[in-house]
Amino acid sequence: MIKPADVSTKRLISLAPDNWVKWVTQIPDIIAGEILNSEFQWISRESDVLIRVESPQHGKFLVLNELQLRYKPEMPRRMRAYAALAEEKYNLPTYPVLINILKASDAEIPTSYELNIAGLRAIQDYRVINLWEVNVEIAFQQPLPSLLPFVPILKGGDNESTIRDALRILRADEQLNQLETVLGFFATFVLDSAIVQQILRWDMALLEQSPWYQEIFSKGEERGRKEESYSGIELALEIKFGNQGSELMPIISQITDLQKLKAIQQAIKTVNTVNELQQILLTDFI
């Protein structure tokens, strides 16, 4: 039986840091060094993973990896801030990379932050990697074990056969087999839950032990306050159904009973479509 494990972004990247930084920077002779503390004094959250690297051509610098489940419009400003804070803290130039996991819309994602006020300019370029545009073969050929849990949402990976191939590799390696829950989590975005259960041969209740799953679906449940429950529900809807799911928030915001809000959070985990959830809301909660 799989046990809950550390499947954080730092853990994933640390599986093969040299291959990871070669991939995100496209610098073939780069060598990864220490994975640094990415917590900054002036902001409350951490940048995902900050790696000290070195290459013969560019010398020593930092690779800042910012992984986003879905792209948000404020990311260019954040990338500017994180790059500047990292450079200030470690006195090294910074190569920022924004990695978007799930597609939010068809809108083009900018690759730089630009501001011009009274003739003074602020510009921050950064590399953008959209996982849905990354060919799934890269995860198997590079090798990039850090990408194996994301196989279901990579380009060409949204099929049962490829997901089974990734699962076999994860299960065959003691260092990788703990990542099965992450693979299962992303498989639920492209396959029915029943098929995912069949492929992975474990109950979906085990998936809920995954830190990724808990981070998305538990927000608001622990504290129980209405505003945090609304926030948790909105996040869960956005993660599972995108913008279409968020359109249900005007209906849900009419519900003030905390027990009903918790029940809605549970319902989001089990339904497969927005229409199915909408019918449950209208029948059971409104």
# chains A, B, ... in the order shown; residues from 1 in each chain; ligands from 1
call {"tool": "residues_around", "arguments": {"residues": "Phe186 of chain A", "least_positions_apart": "3", "cutoff": "7 Å", "atoms": "only C-alpha atoms", "output": "list in words"}}
result
Phe150, Pro152, Ile153, Val182, Leu183 and Phe189 of chain A
call {"tool": "write_last_selection", "arguments": {"atoms": "C-alpha atoms", "output": "CSV table (one decimal), in the first residue's frame"}}
result
chain,number,residue,atom,x,y,z
A,150,PHE,CA,2.5,15.2,-14.6
A,152,PRO,CA,-1.6,12.8,-17.7
A,153,ILE,CA,-1.6,16.5,-18.5
A,182,VAL,CA,0.5,12.8,-7.7
A,183,LEU,CA,0.1,10.8,-10.9
A,189,PHE,CA,-8.3,15.6,-14.8
call {"tool": "closest_atom_pairs", "arguments": {"of": "segment 86-128 of chain A", "to": "segment 241-251 of chain A", "cutoff": "12 Å", "atoms": "only C-alpha atoms", "output": "Markdown table"}}
result
| residue | atom | partner | partner_atom | distance |
| --- | --- | --- | --- | --- |
| A:Leu102 | CA | A:Gly242 | CA | 9.1 |
| A:Lys103 | CA | A:Gly242 | CA | 8.4 |
| A:Ala104 | CA | A:Gly242 | CA | 6.3 |
| A:Ser105 | CA | A:Asn243 | CA | 8.3 |
| A:Asp106 | CA | A:Asn243 | CA | 11.8 |
call {"tool": "residues_around", "arguments": {"residues": "Ala84 of chain A", "least_positions_apart": "6", "cutoff": "12 Å", "atoms": "only C-alpha atoms", "output": "JSON, numbers by chain"}}
result
{"A": [40, 42, 47, 62, 64, 77, 78, 90, 91, 92, 93, 94, 95, 96, 122, 123, 124, 125]}
call {"tool": "atom_distance", "arguments": {"atom1": "atom CA of Val128 of chain A", "atom2": "atom CA of Thr25 of chain A"}}
result
10.3 Å
call {"tool": "select_by_dssp", "arguments": {"residues": "segment 3-160 of chain A", "states": "strand (DSSP E)", "output": "ChimeraX atom specification"}}
result
/A:31-36,49-55,59-70,94-102,112-117,120-125,127-130
call {"tool": "write_last_selection", "arguments": {"atoms": "C-alpha atoms", "output": "PDB file, in the first residue's frame"}}
result
ATOM      1  CA  ILE A  31      25.177  22.032 -13.455  1.00  0.00           C
ATOM      2  CA  ALA A  32      22.791  22.244 -10.518  1.00  0.00           C
ATOM      3  CA  GLY A  33      24.148  23.013  -7.092  1.00  0.00           C
ATOM      4  CA  GLU A  34      22.326  23.647  -3.826  1.00  0.00           C
ATOM      5  CA  ILE A  35      18.555  24.002  -3.621  1.00  0.00           C
ATOM      6  CA  LEU A  36      18.294  27.205  -1.596  1.00  0.00           C
ATOM      7  CA  VAL A  49      12.199  26.217  -5.841  1.00  0.00           C
ATOM      8  CA  LEU A  50      15.370  28.277  -6.054  1.00  0.00           C
ATOM      9  CA  ILE A  51      18.505  26.488  -7.311  1.00  0.00           C
ATOM     10  CA  ARG A  52      22.087  27.753  -7.377  1.00  0.00           C
ATOM     11  CA  VAL A  53      23.623  26.682 -10.706  1.00  0.00           C
ATOM     12  CA  GLU A  54      26.792  27.163 -12.731  1.00  0.00           C
ATOM     13  CA  SER A  55      27.758  26.958 -16.375  1.00  0.00           C
ATOM     14  CA  GLY A  59      29.084  31.460 -14.501  1.00  0.00           C
ATOM     15  CA  LYS A  60      27.155  31.154 -11.238  1.00  0.00           C
ATOM     16  CA  PHE A  61      23.520  32.225 -11.110  1.00  0.00           C
ATOM     17  CA  LEU A  62      20.125  31.239  -9.697  1.00  0.00           C
ATOM     18  CA  VAL A  63      17.286  29.373 -11.412  1.00  0.00           C
ATOM     19  CA  LEU A  64      13.973  30.415  -9.906  1.00  0.00           C
ATOM     20  CA  ASN A  65      11.238  27.836 -10.564  1.00  0.00           C
ATOM     21  CA  GLU A  66       7.711  29.121  -9.993  1.00  0.00           C
ATOM     22  CA  LEU A  67       5.080  26.416 -10.546  1.00  0.00           C
ATOM     23  CA  GLN A  68       1.471  27.506 -10.886  1.00  0.00           C
ATOM     24  CA  LEU A  69      -1.457  25.102 -11.069  1.00  0.00           C
ATOM     25  CA  ARG A  70      -3.144  27.610 -13.377  1.00  0.00           C
ATOM     26  CA  THR A  94      18.502  35.166 -11.487  1.00  0.00           C
ATOM     27  CA  TYR A  95      16.981  33.168 -14.336  1.00  0.00           C
ATOM     28  CA  PRO A  96      13.207  33.061 -13.605  1.00  0.00           C
ATOM     29  CA  VAL A  97      11.018  30.283 -14.991  1.00  0.00           C
ATOM     30  CA  LEU A  98       7.218  30.199 -14.752  1.00  0.00           C
ATOM     31  CA  ILE A  99       5.796  26.696 -15.166  1.00  0.00           C
ATOM     32  CA  ASN A 100       2.031  26.497 -15.660  1.00  0.00           C
ATOM     33  CA  ILE A 101       0.547  23.074 -15.001  1.00  0.00           C
ATOM     34  CA  LEU A 102      -3.068  23.293 -16.202  1.00  0.00           C
ATOM     35  CA  SER A 112       7.854  39.531 -19.419  1.00  0.00           C
ATOM     36  CA  TYR A 113       6.774  42.243 -17.006  1.00  0.00           C
ATOM     37  CA  GLU A 114       6.944  45.794 -18.347  1.00  0.00           C
ATOM     38  CA  LEU A 115       6.106  49.084 -16.667  1.00  0.00           C
ATOM     39  CA  ASN A 116       6.715  52.636 -17.849  1.00  0.00           C
ATOM     40  CA  ILE A 117       5.899  55.486 -15.490  1.00  0.00           C
ATOM     41  CA  LEU A 120      11.145  55.272 -16.037  1.00  0.00           C
ATOM     42  CA  ARG A 121      10.985  51.651 -17.158  1.00  0.00           C
ATOM     43  CA  ALA A 122      10.895  48.368 -15.267  1.00  0.00           C
ATOM     44  CA  ILE A 123      11.377  45.218 -17.353  1.00  0.00           C
ATOM     45  CA  GLN A 124      11.663  41.604 -16.235  1.00  0.00           C
ATOM     46  CA  ASP A 125      11.855  38.786 -18.744  1.00  0.00           C
ATOM     47  CA  ARG A 127      10.769  31.891 -19.407  1.00  0.00           C
ATOM     48  CA  VAL A 128       7.300  30.361 -19.602  1.00  0.00           C
ATOM     49  CA  ILE A 129       6.753  26.603 -19.810  1.00  0.00           C
ATOM     50  CA  ASN A 130       3.166  25.393 -20.229  1.00  0.00           C
TER      51      ASN A 130
END
call {"tool": "atom_distance", "arguments": {"atom1": "atom CA of Asp173 of chain A", "atom2": "atom CA of Leu131 of chain A"}}
result
23.6 Å
call {"tool": "atom_distance", "arguments": {"atom1": "atom CA of Pro28 of chain A", "atom2": "atom CA of Pro76 of chain A"}}
result
26.4 Å
call {"tool": "residues_around", "arguments": {"residues": "Ser161 of chain A", "least_positions_apart": "3", "cutoff": "12 Å", "atoms": "only C-alpha atoms", "output": "PyMOL selection string"}}
result
chain A and resi 151-152+156-158+164-168+187+191+195-196+199
call {"tool": "select_by_dssp", "arguments": {"residues": "segment 2-249 of chain A", "states": "helix (DSSP H, G or I)", "output": "NGL selection string"}}
result
:A and (9-13 or 17-25 or 75-90 or 131-133 or 137-141 or 145-153 or 160-172 or 177-187 or 193-200 or 204-207 or 211-217 or 226-241 or 243-246 or 249)
